[in-house]
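Heads up, final23.pdb below (PDB, C-alpha atoms):
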```pdb
ATOM      1  CA  PRO A   1       0.000   0.000   0.000  1.00  0.00           C
ATOM      2  CA  VAL A   2       1.139   3.547  -0.766  1.00  0.00           C
ATOM      3  CA  SER A   3      -0.022   7.067  -0.027  1.00  0.00           C
ATOM      4  CA  ILE A   4       0.184   9.992  -2.426  1.00  0.00           C
ATOM      5  CA  GLN A   5       1.571  13.196  -0.934  1.00  0.00           C
ATOM      6  CA  GLY A   6      -1.235  15.577  -0.035  1.00  0.00           C
ATOM      7  CA  MET A   7      -3.807  12.779   0.217  1.00  0.00           C
ATOM      8  CA  VAL A   8      -3.188  11.517   3.731  1.00  0.00           C
ATOM      9  CA  LEU A   9      -6.302  11.619   5.866  1.00  0.00           C
ATOM     10  CA  ASP A  10      -6.340  10.866   9.578  1.00  0.00           C
ATOM     11  CA  GLU A  11      -9.369   9.443  11.351  1.00  0.00           C
ATOM     12  CA  THR A  12     -10.615  12.858  12.469  1.00  0.00           C
ATOM     13  CA  GLY A  13     -10.472  14.156   8.899  1.00  0.00           C
ATOM     14  CA  ALA A  14     -12.123  11.039   7.541  1.00  0.00           C
ATOM     15  CA  LYS A  15     -14.966  11.359  10.023  1.00  0.00           C
ATOM     16  CA  ALA A  16     -15.439  14.981   8.964  1.00  0.00           C
ATOM     17  CA  LEU A  17     -15.623  14.065   5.273  1.00  0.00           C
ATOM     18  CA  PHE A  18     -17.582  10.834   5.669  1.00  0.00           C
ATOM     19  CA  ALA A  19     -19.768  11.524   8.682  1.00  0.00           C
ATOM     20  CA  PRO A  20     -22.722   9.528   7.300  1.00  0.00           C
ATOM     21  CA  LEU A  21     -20.469   6.495   6.735  1.00  0.00           C
ATOM     22  CA  ILE A  22     -18.109   6.266   9.686  1.00  0.00           C
ATOM     23  CA  GLY A  23     -19.804   5.814  13.028  1.00  0.00           C
ATOM     24  CA  LYS A  24     -21.826   3.363  15.051  1.00  0.00           C
ATOM     25  CA  PRO A  25     -23.634   1.335  13.975  1.00  0.00           C
ATOM     26  CA  SER A  26     -22.165   1.234  10.500  1.00  0.00           C
ATOM     27  CA  ARG A  27     -21.038  -1.156   7.777  1.00  0.00           C
ATOM     28  CA  PHE A  28     -18.043   1.129   7.233  1.00  0.00           C
ATOM     29  CA  GLU A  29     -14.857   1.907   9.104  1.00  0.00           C
ATOM     30  CA  TYR A  30     -11.870   4.233   8.902  1.00  0.00           C
ATOM     31  CA  ASP A  31      -8.767   3.135   7.007  1.00  0.00           C
ATOM     32  CA  PRO A  32      -5.509   5.169   6.991  1.00  0.00           C
ATOM     33  CA  ILE A  33      -4.907   4.564   3.268  1.00  0.00           C
ATOM     34  CA  ALA A  34      -8.360   4.237   1.695  1.00  0.00           C
ATOM     35  CA  TRP A  35      -9.971   6.570   4.310  1.00  0.00           C
ATOM     36  CA  VAL A  36     -13.210   4.604   4.513  1.00  0.00           C
ATOM     37  CA  VAL A  37     -13.853   0.947   3.691  1.00  0.00           C
ATOM     38  CA  HIS A  38     -16.496  -1.714   4.181  1.00  0.00           C
ATOM     39  CA  LYS A  39     -15.998  -3.740   7.334  1.00  0.00           C
ATOM     40  CA  PRO A  40     -14.920  -7.274   6.367  1.00  0.00           C
ATOM     41  CA  ASP A  41     -17.087 -10.356   6.774  1.00  0.00           C
ATOM     42  CA  THR A  42     -20.393  -8.554   7.270  1.00  0.00           C
ATOM     43  CA  GLY A  43     -23.482 -10.428   6.149  1.00  0.00           C
ATOM     44  CA  LEU A  44     -26.441  -9.174   8.092  1.00  0.00           C
ATOM     45  CA  ASP A  45     -27.403  -6.190   5.959  1.00  0.00           C
ATOM     46  CA  PHE A  46     -30.748  -7.061   4.383  1.00  0.00           C
ATOM     47  CA  MET A  47     -33.004  -4.679   2.547  1.00  0.00           C
ATOM     48  CA  ASP A  48     -36.607  -5.401   1.585  1.00  0.00           C
ATOM     49  CA  TRP A  49     -37.164  -4.896  -2.138  1.00  0.00           C
ATOM     50  CA  PRO A  50     -40.615  -6.082  -3.260  1.00  0.00           C
ATOM     51  CA  GLU A  51     -39.768  -5.835  -6.976  1.00  0.00           C
ATOM     52  CA  HIS A  52     -36.812  -8.219  -6.630  1.00  0.00           C
ATOM     53  CA  PRO A  53     -37.595 -11.892  -7.409  1.00  0.00           C
ATOM     54  CA  ALA A  54     -36.520 -12.806  -3.864  1.00  0.00           C
ATOM     55  CA  GLY A  55     -38.325  -9.845  -2.299  1.00  0.00           C
ATOM     56  CA  ARG A  56     -35.153  -8.627  -0.600  1.00  0.00           C
ATOM     57  CA  ILE A  57     -31.401  -8.290  -1.097  1.00  0.00           C
ATOM     58  CA  ARG A  58     -28.362  -8.980   1.044  1.00  0.00           C
ATOM     59  CA  GLN A  59     -25.315  -6.710   0.981  1.00  0.00           C
ATOM     60  CA  ASN A  60     -22.551  -8.792   2.510  1.00  0.00           C
ATOM     61  CA  THR A  61     -18.772  -8.367   2.336  1.00  0.00           C
ATOM     62  CA  ASN A  62     -15.939 -10.881   2.176  1.00  0.00           C
ATOM     63  CA  ASN A  63     -12.672 -11.236   4.116  1.00  0.00           C
ATOM     64  CA  MET A  64     -11.250  -8.010   2.608  1.00  0.00           C
ATOM     65  CA  GLY A  65     -14.444  -5.993   2.801  1.00  0.00           C
ATOM     66  CA  PHE A  66     -15.249  -6.339  -0.899  1.00  0.00           C
ATOM     67  CA  ARG A  67     -18.791  -6.930  -2.154  1.00  0.00           C
ATOM     68  CA  GLU A  68     -17.940 -10.532  -2.998  1.00  0.00           C
ATOM     69  CA  ASP A  69     -19.433 -13.791  -1.767  1.00  0.00           C
ATOM     70  CA  ALA A  70     -16.144 -15.721  -1.900  1.00  0.00           C
ATOM     71  CA  PRO A  71     -12.932 -14.738  -0.073  1.00  0.00           C
ATOM     72  CA  THR A  72     -10.358 -12.700  -1.994  1.00  0.00           C
ATOM     73  CA  GLN A  73      -6.828 -14.145  -2.021  1.00  0.00           C
ATOM     74  CA  VAL A  74      -3.795 -11.912  -2.528  1.00  0.00           C
ATOM     75  CA  GLU A  75      -2.266 -14.462  -4.896  1.00  0.00           C
ATOM     76  CA  LYS A  76      -3.691 -14.135  -8.392  1.00  0.00           C
ATOM     77  CA  ARG A  77      -5.257 -17.243  -9.907  1.00  0.00           C
ATOM     78  CA  ALA A  78      -6.806 -15.518 -12.908  1.00  0.00           C
ATOM     79  CA  TYR A  79      -6.721 -12.301 -14.925  1.00  0.00           C
ATOM     80  CA  ARG A  80      -7.687  -9.742 -12.274  1.00  0.00           C
ATOM     81  CA  ILE A  81      -9.892  -6.688 -12.767  1.00  0.00           C
ATOM     82  CA  PHE A  82     -10.243  -4.278  -9.844  1.00  0.00           C
ATOM     83  CA  VAL A  83     -13.446  -2.197  -9.903  1.00  0.00           C
ATOM     84  CA  THR A  84     -13.849   0.864  -7.717  1.00  0.00           C
ATOM     85  CA  GLY A  85     -16.621   3.437  -7.537  1.00  0.00           C
ATOM     86  CA  ASP A  86     -19.508   4.738  -5.453  1.00  0.00           C
ATOM     87  CA  SER A  87     -22.937   3.280  -4.677  1.00  0.00           C
ATOM     88  CA  HIS A  88     -23.548   2.472  -8.344  1.00  0.00           C
ATOM     89  CA  THR A  89     -20.564   0.110  -8.184  1.00  0.00           C
ATOM     90  CA  ASP A  90     -21.134  -1.034  -4.603  1.00  0.00           C
ATOM     91  CA  GLY A  91     -24.705  -1.759  -5.631  1.00  0.00           C
ATOM     92  CA  ALA A  92     -28.012  -1.881  -3.771  1.00  0.00           C
ATOM     93  CA  VAL A  93     -28.205  -5.455  -5.054  1.00  0.00           C
ATOM     94  CA  ASN A  94     -27.029  -8.936  -4.161  1.00  0.00           C
ATOM     95  CA  ASN A  95     -23.299  -9.331  -4.762  1.00  0.00           C
ATOM     96  CA  SER A  96     -23.811 -11.498  -7.830  1.00  0.00           C
ATOM     97  CA  GLU A  97     -25.993  -8.768  -9.375  1.00  0.00           C
ATOM     98  CA  SER A  98     -23.489  -5.892  -9.192  1.00  0.00           C
ATOM     99  CA  TYR A  99     -22.123  -4.807 -12.562  1.00  0.00           C
ATOM    100  CA  ALA A 100     -18.653  -5.963 -11.491  1.00  0.00           C
ATOM    101  CA  ASN A 101     -19.859  -9.490 -10.822  1.00  0.00           C
ATOM    102  CA  VAL A 102     -22.066  -9.552 -13.919  1.00  0.00           C
ATOM    103  CA  LEU A 103     -18.975  -8.554 -15.922  1.00  0.00           C
ATOM    104  CA  GLU A 104     -17.021 -11.420 -14.356  1.00  0.00           C
ATOM    105  CA  ALA A 105     -19.721 -13.943 -15.262  1.00  0.00           C
ATOM    106  CA  LEU A 106     -19.961 -12.666 -18.852  1.00  0.00           C
ATOM    107  CA  LEU A 107     -16.184 -12.737 -19.358  1.00  0.00           C
ATOM    108  CA  ASP A 108     -15.805 -16.202 -17.851  1.00  0.00           C
ATOM    109  CA  ARG A 109     -18.586 -17.540 -20.072  1.00  0.00           C
ATOM    110  CA  ALA A 110     -17.072 -15.919 -23.175  1.00  0.00           C
ATOM    111  CA  LEU A 111     -13.535 -17.139 -22.462  1.00  0.00           C
ATOM    112  CA  ASP A 112     -14.493 -20.651 -21.322  1.00  0.00           C
ATOM    113  CA  PRO A 113     -18.006 -21.624 -22.450  1.00  0.00           C
ATOM    114  CA  SER A 114     -17.553 -25.044 -20.832  1.00  0.00           C
ATOM    115  CA  GLY A 115     -17.430 -23.443 -17.380  1.00  0.00           C
ATOM    116  CA  ALA A 116     -14.514 -25.688 -16.411  1.00  0.00           C
ATOM    117  CA  THR A 117     -12.344 -22.724 -15.399  1.00  0.00           C
ATOM    118  CA  ALA A 118     -12.759 -19.177 -14.161  1.00  0.00           C
ATOM    119  CA  PRO A 119     -10.313 -17.220 -16.341  1.00  0.00           C
ATOM    120  CA  VAL A 120     -11.236 -13.796 -14.954  1.00  0.00           C
ATOM    121  CA  GLU A 121     -11.596 -12.440 -11.414  1.00  0.00           C
ATOM    122  CA  VAL A 122     -13.450  -9.131 -11.071  1.00  0.00           C
ATOM    123  CA  ILE A 123     -13.255  -7.587  -7.604  1.00  0.00           C
ATOM    124  CA  ASN A 124     -16.027  -5.210  -6.557  1.00  0.00           C
ATOM    125  CA  ALA A 125     -14.331  -2.629  -4.312  1.00  0.00           C
ATOM    126  CA  GLY A 126     -17.110  -0.063  -4.725  1.00  0.00           C
ATOM    127  CA  LEU A 127     -18.202   1.945  -1.707  1.00  0.00           C
ATOM    128  CA  GLY A 128     -21.397   3.991  -1.546  1.00  0.00           C
ATOM    129  CA  GLY A 129     -21.075   7.644  -0.564  1.00  0.00           C
ATOM    130  CA  THR A 130     -17.558   8.091  -1.951  1.00  0.00           C
ATOM    131  CA  GLY A 131     -16.032   9.846  -4.981  1.00  0.00           C
ATOM    132  CA  PRO A 132     -13.043   9.997  -7.354  1.00  0.00           C
ATOM    133  CA  HIS A 133     -10.431  10.709  -4.673  1.00  0.00           C
ATOM    134  CA  ASN A 134     -11.626   7.575  -2.862  1.00  0.00           C
ATOM    135  CA  TYR A 135     -11.387   5.495  -6.025  1.00  0.00           C
ATOM    136  CA  LEU A 136      -7.676   6.299  -6.231  1.00  0.00           C
ATOM    137  CA  ALA A 137      -7.181   5.801  -2.486  1.00  0.00           C
ATOM    138  CA  MET A 138      -8.893   2.393  -2.666  1.00  0.00           C
ATOM    139  CA  LEU A 139      -6.518   1.308  -5.421  1.00  0.00           C
ATOM    140  CA  GLN A 140      -3.552   2.539  -3.355  1.00  0.00           C
ATOM    141  CA  LYS A 141      -4.664   0.355  -0.448  1.00  0.00           C
ATOM    142  CA  TYR A 142      -4.897  -2.781  -2.575  1.00  0.00           C
ATOM    143  CA  LEU A 143      -1.909  -2.454  -4.903  1.00  0.00           C
ATOM    144  CA  ASP A 144      -0.606  -5.743  -3.505  1.00  0.00           C
ATOM    145  CA  LEU A 145      -3.478  -7.472  -5.355  1.00  0.00           C
ATOM    146  CA  GLN A 146      -1.655  -6.480  -8.577  1.00  0.00           C
ATOM    147  CA  PRO A 147      -4.722  -5.957 -10.772  1.00  0.00           C
ATOM    148  CA  ASP A 148      -4.247  -6.306 -14.517  1.00  0.00           C
ATOM    149  CA  VAL A 149      -6.968  -3.743 -15.204  1.00  0.00           C
ATOM    150  CA  VAL A 150      -8.603  -1.095 -13.023  1.00  0.00           C
ATOM    151  CA  ILE A 151     -12.115   0.215 -13.713  1.00  0.00           C
ATOM    152  CA  ALA A 152     -13.386   3.324 -11.940  1.00  0.00           C
ATOM    153  CA  GLY A 153     -17.150   3.720 -12.170  1.00  0.00           C
ATOM    154  CA  LEU A 154     -17.791   7.458 -12.419  1.00  0.00           C
ATOM    155  CA  TYR A 155     -21.293   8.625 -11.499  1.00  0.00           C
ATOM    156  CA  VAL A 156     -21.893  11.971 -13.212  1.00  0.00           C
ATOM    157  CA  GLY A 157     -24.775  12.781 -10.865  1.00  0.00           C
ATOM    158  CA  ASN A 158     -22.496  13.818  -7.992  1.00  0.00           C
ATOM    159  CA  ASP A 159     -18.888  12.697  -8.506  1.00  0.00           C
ATOM    160  CA  PHE A 160     -17.604  16.060  -9.766  1.00  0.00           C
ATOM    161  CA  MET A 161     -19.179  17.812  -6.781  1.00  0.00           C
ATOM    162  CA  ASN A 162     -17.679  15.157  -4.523  1.00  0.00           C
ATOM    163  CA  ALA A 163     -14.221  15.668  -6.065  1.00  0.00           C
ATOM    164  CA  LEU A 164     -14.413  19.441  -5.536  1.00  0.00           C
ATOM    165  CA  MET A 165     -15.429  18.947  -1.913  1.00  0.00           C
ATOM    166  CA  HIS A 166     -12.441  16.684  -1.271  1.00  0.00           C
ATOM    167  CA  SER A 167     -10.090  19.006  -3.152  1.00  0.00           C
ATOM    168  CA  ASP A 168     -11.275  21.936  -1.011  1.00  0.00           C
ATOM    169  CA  PHE A 169     -10.660  19.868   2.122  1.00  0.00           C
ATOM    170  CA  PHE A 170      -7.097  18.924   1.179  1.00  0.00           C
ATOM    171  CA  THR A 171      -6.064  22.344  -0.168  1.00  0.00           C
ATOM    172  CA  LYS A 172      -7.881  24.282   2.608  1.00  0.00           C
ATOM    173  CA  ARG A 173      -9.538  26.327  -0.127  1.00  0.00           C
ATOM    174  CA  LYS A 174     -12.695  28.144   0.891  1.00  0.00           C
ATOM    175  CA  ALA A 175     -15.755  26.172  -0.158  1.00  0.00           C
ATOM    176  CA  ARG A 176     -17.560  27.703  -3.125  1.00  0.00           C
ATOM    177  CA  GLY A 177     -21.215  28.563  -3.329  1.00  0.00           C
ATOM    178  CA  ARG A 178     -22.236  27.457   0.141  1.00  0.00           C
ATOM    179  CA  ASP A 179     -23.282  30.795   1.589  1.00  0.00           C
ATOM    180  CA  LYS A 180     -26.703  31.541   3.089  1.00  0.00           C
ATOM    181  CA  ALA A 181     -28.276  32.536  -0.240  1.00  0.00           C
ATOM    182  CA  TYR A 182     -27.210  29.241  -1.780  1.00  0.00           C
ATOM    183  CA  LYS A 183     -28.455  27.213   1.185  1.00  0.00           C
ATOM    184  CA  ASP A 184     -31.793  29.025   1.158  1.00  0.00           C
ATOM    185  CA  LYS A 185     -32.280  28.169  -2.528  1.00  0.00           C
ATOM    186  CA  LEU A 186     -31.274  24.567  -1.956  1.00  0.00           C
ATOM    187  CA  ASN A 187     -33.614  24.139   1.014  1.00  0.00           C
ATOM    188  CA  ALA A 188     -36.498  25.651  -0.941  1.00  0.00           C
ATOM    189  CA  ALA A 189     -35.838  23.272  -3.804  1.00  0.00           C
ATOM    190  CA  LEU A 190     -35.623  20.314  -1.424  1.00  0.00           C
ATOM    191  CA  GLU A 191     -39.023  21.160   0.031  1.00  0.00           C
ATOM    192  CA  GLN A 192     -40.627  20.987  -3.404  1.00  0.00           C
ATOM    193  CA  TYR A 193     -38.493  18.199  -4.904  1.00  0.00           C
ATOM    194  CA  PRO A 194     -36.972  16.137  -2.025  1.00  0.00           C
ATOM    195  CA  ASP A 195     -35.148  13.606  -4.207  1.00  0.00           C
ATOM    196  CA  LEU A 196     -33.686  15.718  -7.017  1.00  0.00           C
ATOM    197  CA  PRO A 197     -31.590  18.756  -6.016  1.00  0.00           C
ATOM    198  CA  GLN A 198     -28.955  17.108  -3.802  1.00  0.00           C
ATOM    199  CA  GLN A 199     -27.212  15.399  -6.700  1.00  0.00           C
ATOM    200  CA  GLY A 200     -27.610  16.110 -10.409  1.00  0.00           C
ATOM    201  CA  TYR A 201     -29.212  19.568 -10.099  1.00  0.00           C
ATOM    202  CA  ASN A 202     -26.998  20.699  -7.235  1.00  0.00           C
ATOM    203  CA  GLN A 203     -23.772  19.607  -8.914  1.00  0.00           C
ATOM    204  CA  PRO A 204     -23.897  22.066 -11.875  1.00  0.00           C
TER     205      PRO A 204
END
```
Could you quickly redo this structure as structure tokens?
Amino acid sequence: PVSIQGMVLDETGAKALFAPLIGKPSRFEYDPIAWVVHKPDTGLDFMDWPEHPAGRIRQNTNNMGFREDAPTQVEKRAYRIFVTGDSHTDGAVNNSESYANVLEALLDRALDPSGATAPVEVINAGLGGTGPHNYLAMLQKYLDLQPDVVIAGLYVGNDFMNALMHSDFFTKRKARGRDKAYKDKLNAALEQYPDLPQQGYNQP
């Protein structure tokens, strides 16, 4: 694991940036390199979802805190793809239904239609509530996994806003556009449209 100069974040700083994620009770915890990660070996996080064929989903993590059902070994046994991103990568779905794991299944089937081998390993290291700086930090933490390819899932609904927020934090630059007039407009918009302004509309 390595740290890039200017991107070191202690636990106090991480809690300030990721207050909704780090705390008790939580599926997340502080990490000195990746800042915030899933706790490993969690498997009790169910969510009712009537539209799903099973009526609910389970968001469990493996031995390294990845959204995988099987343990992740440091030693590579296949072509390894490391996928990082926010909640769209993490997925409000069963592990096997995340786009990272669907990609793994499609590649394995294409490369070995017999199913005798698993030529590709795709690791879902996504973490909801994070942004581009985290995607890099997550890769830094797991460089010892020696991925052959890295995919960063960029969500254009809030990732640029997230990146600016983190940049302001690290550079100590005064936050833009968060004065009283801005907050009044945002709160008024939230009253009328509770689900829309916080991300896509707020980001521009």
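The nearest approach to Gly91 in chain A among the residues A:Glu68, A:Asp195, A:Asp108, A:Glu75, with all atoms listed in the file taken into account, belongs to A:Glu68.
Listed by chain and then by number, the residues chosen by the PyMOL selection byres ((chain A and resi 126-134) around 8) in this file are Phe18, Leu21, Ala34, Trp35, Val37, His38, Phe66, Arg67, Val83, Thr84, Gly85, Asp86, Ser87, His88, Thr89, Asp90, Gly91, Asn124, Ala125, Tyr135, Leu136, Ala137, Met138, Leu154, Asp159, Phe160, Asn162, Ala163 and His166 of chain A.
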Query - Hits from the PyMOL selection byres ((chain A and resi 120) around 7), listed as a PyMOL selection string - result: chain A and resi 78-80+104+107-108+118-119+121-122
Report task. Let me know the residues the PyMOL selection byres ((chain A and resi 42) around 10) catches in the file above, as a ChimeraX atom specification. Result -> /A:27-28,38-41,43-45,59-63,65-67
Serialized selection, C-alpha atoms, as an mmCIF file, in the coordinates of the input:
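Result file is result-v2.cif:
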```
data_model
loop_
_atom_site.group_PDB
_atom_site.id
_atom_site.type_symbol
_atom_site.label_atom_id
_atom_site.label_comp_id
_atom_site.auth_asym_id
_atom_site.auth_seq_id
_atom_site.Cartn_x
_atom_site.Cartn_y
_atom_site.Cartn_z
ATOM 1 C CA ARG A 27 -21.038 -1.156 7.777
ATOM 2 C CA PHE A 28 -18.043 1.129 7.233
ATOM 3 C CA HIS A 38 -16.496 -1.714 4.181
ATOM 4 C CA LYS A 39 -15.998 -3.740 7.334
ATOM 5 C CA PRO A 40 -14.920 -7.274 6.367
ATOM 6 C CA ASP A 41 -17.087 -10.356 6.774
ATOM 7 C CA GLY A 43 -23.482 -10.428 6.149
ATOM 8 C CA LEU A 44 -26.441 -9.174 8.092
ATOM 9 C CA ASP A 45 -27.403 -6.190 5.959
ATOM 10 C CA GLN A 59 -25.315 -6.710 0.981
ATOM 11 C CA ASN A 60 -22.551 -8.792 2.510
ATOM 12 C CA THR A 61 -18.772 -8.367 2.336
ATOM 13 C CA ASN A 62 -15.939 -10.881 2.176
ATOM 14 C CA ASN A 63 -12.672 -11.236 4.116
ATOM 15 C CA GLY A 65 -14.444 -5.993 2.801
ATOM 16 C CA PHE A 66 -15.249 -6.339 -0.899
ATOM 17 C CA ARG A 67 -18.791 -6.930 -2.154
#
```
Query raised in the report: For the atom pair CA of Asp69 in chain A and CA of Asn95 in chain A, what is the interatomic distance in Å to one decimal place?
Result: 6.6 Å
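Going from CA of Gly200 in chain A over to CA of Asp184 in chain A, you cover 17.8 Å.
For the residues A:Leu196, A:Leu186, A:Leu17, A:Met47, ranking by smallest atom-to-atom distance to Asn158 in chain A using all atoms listed in the file places A:Leu196 first.
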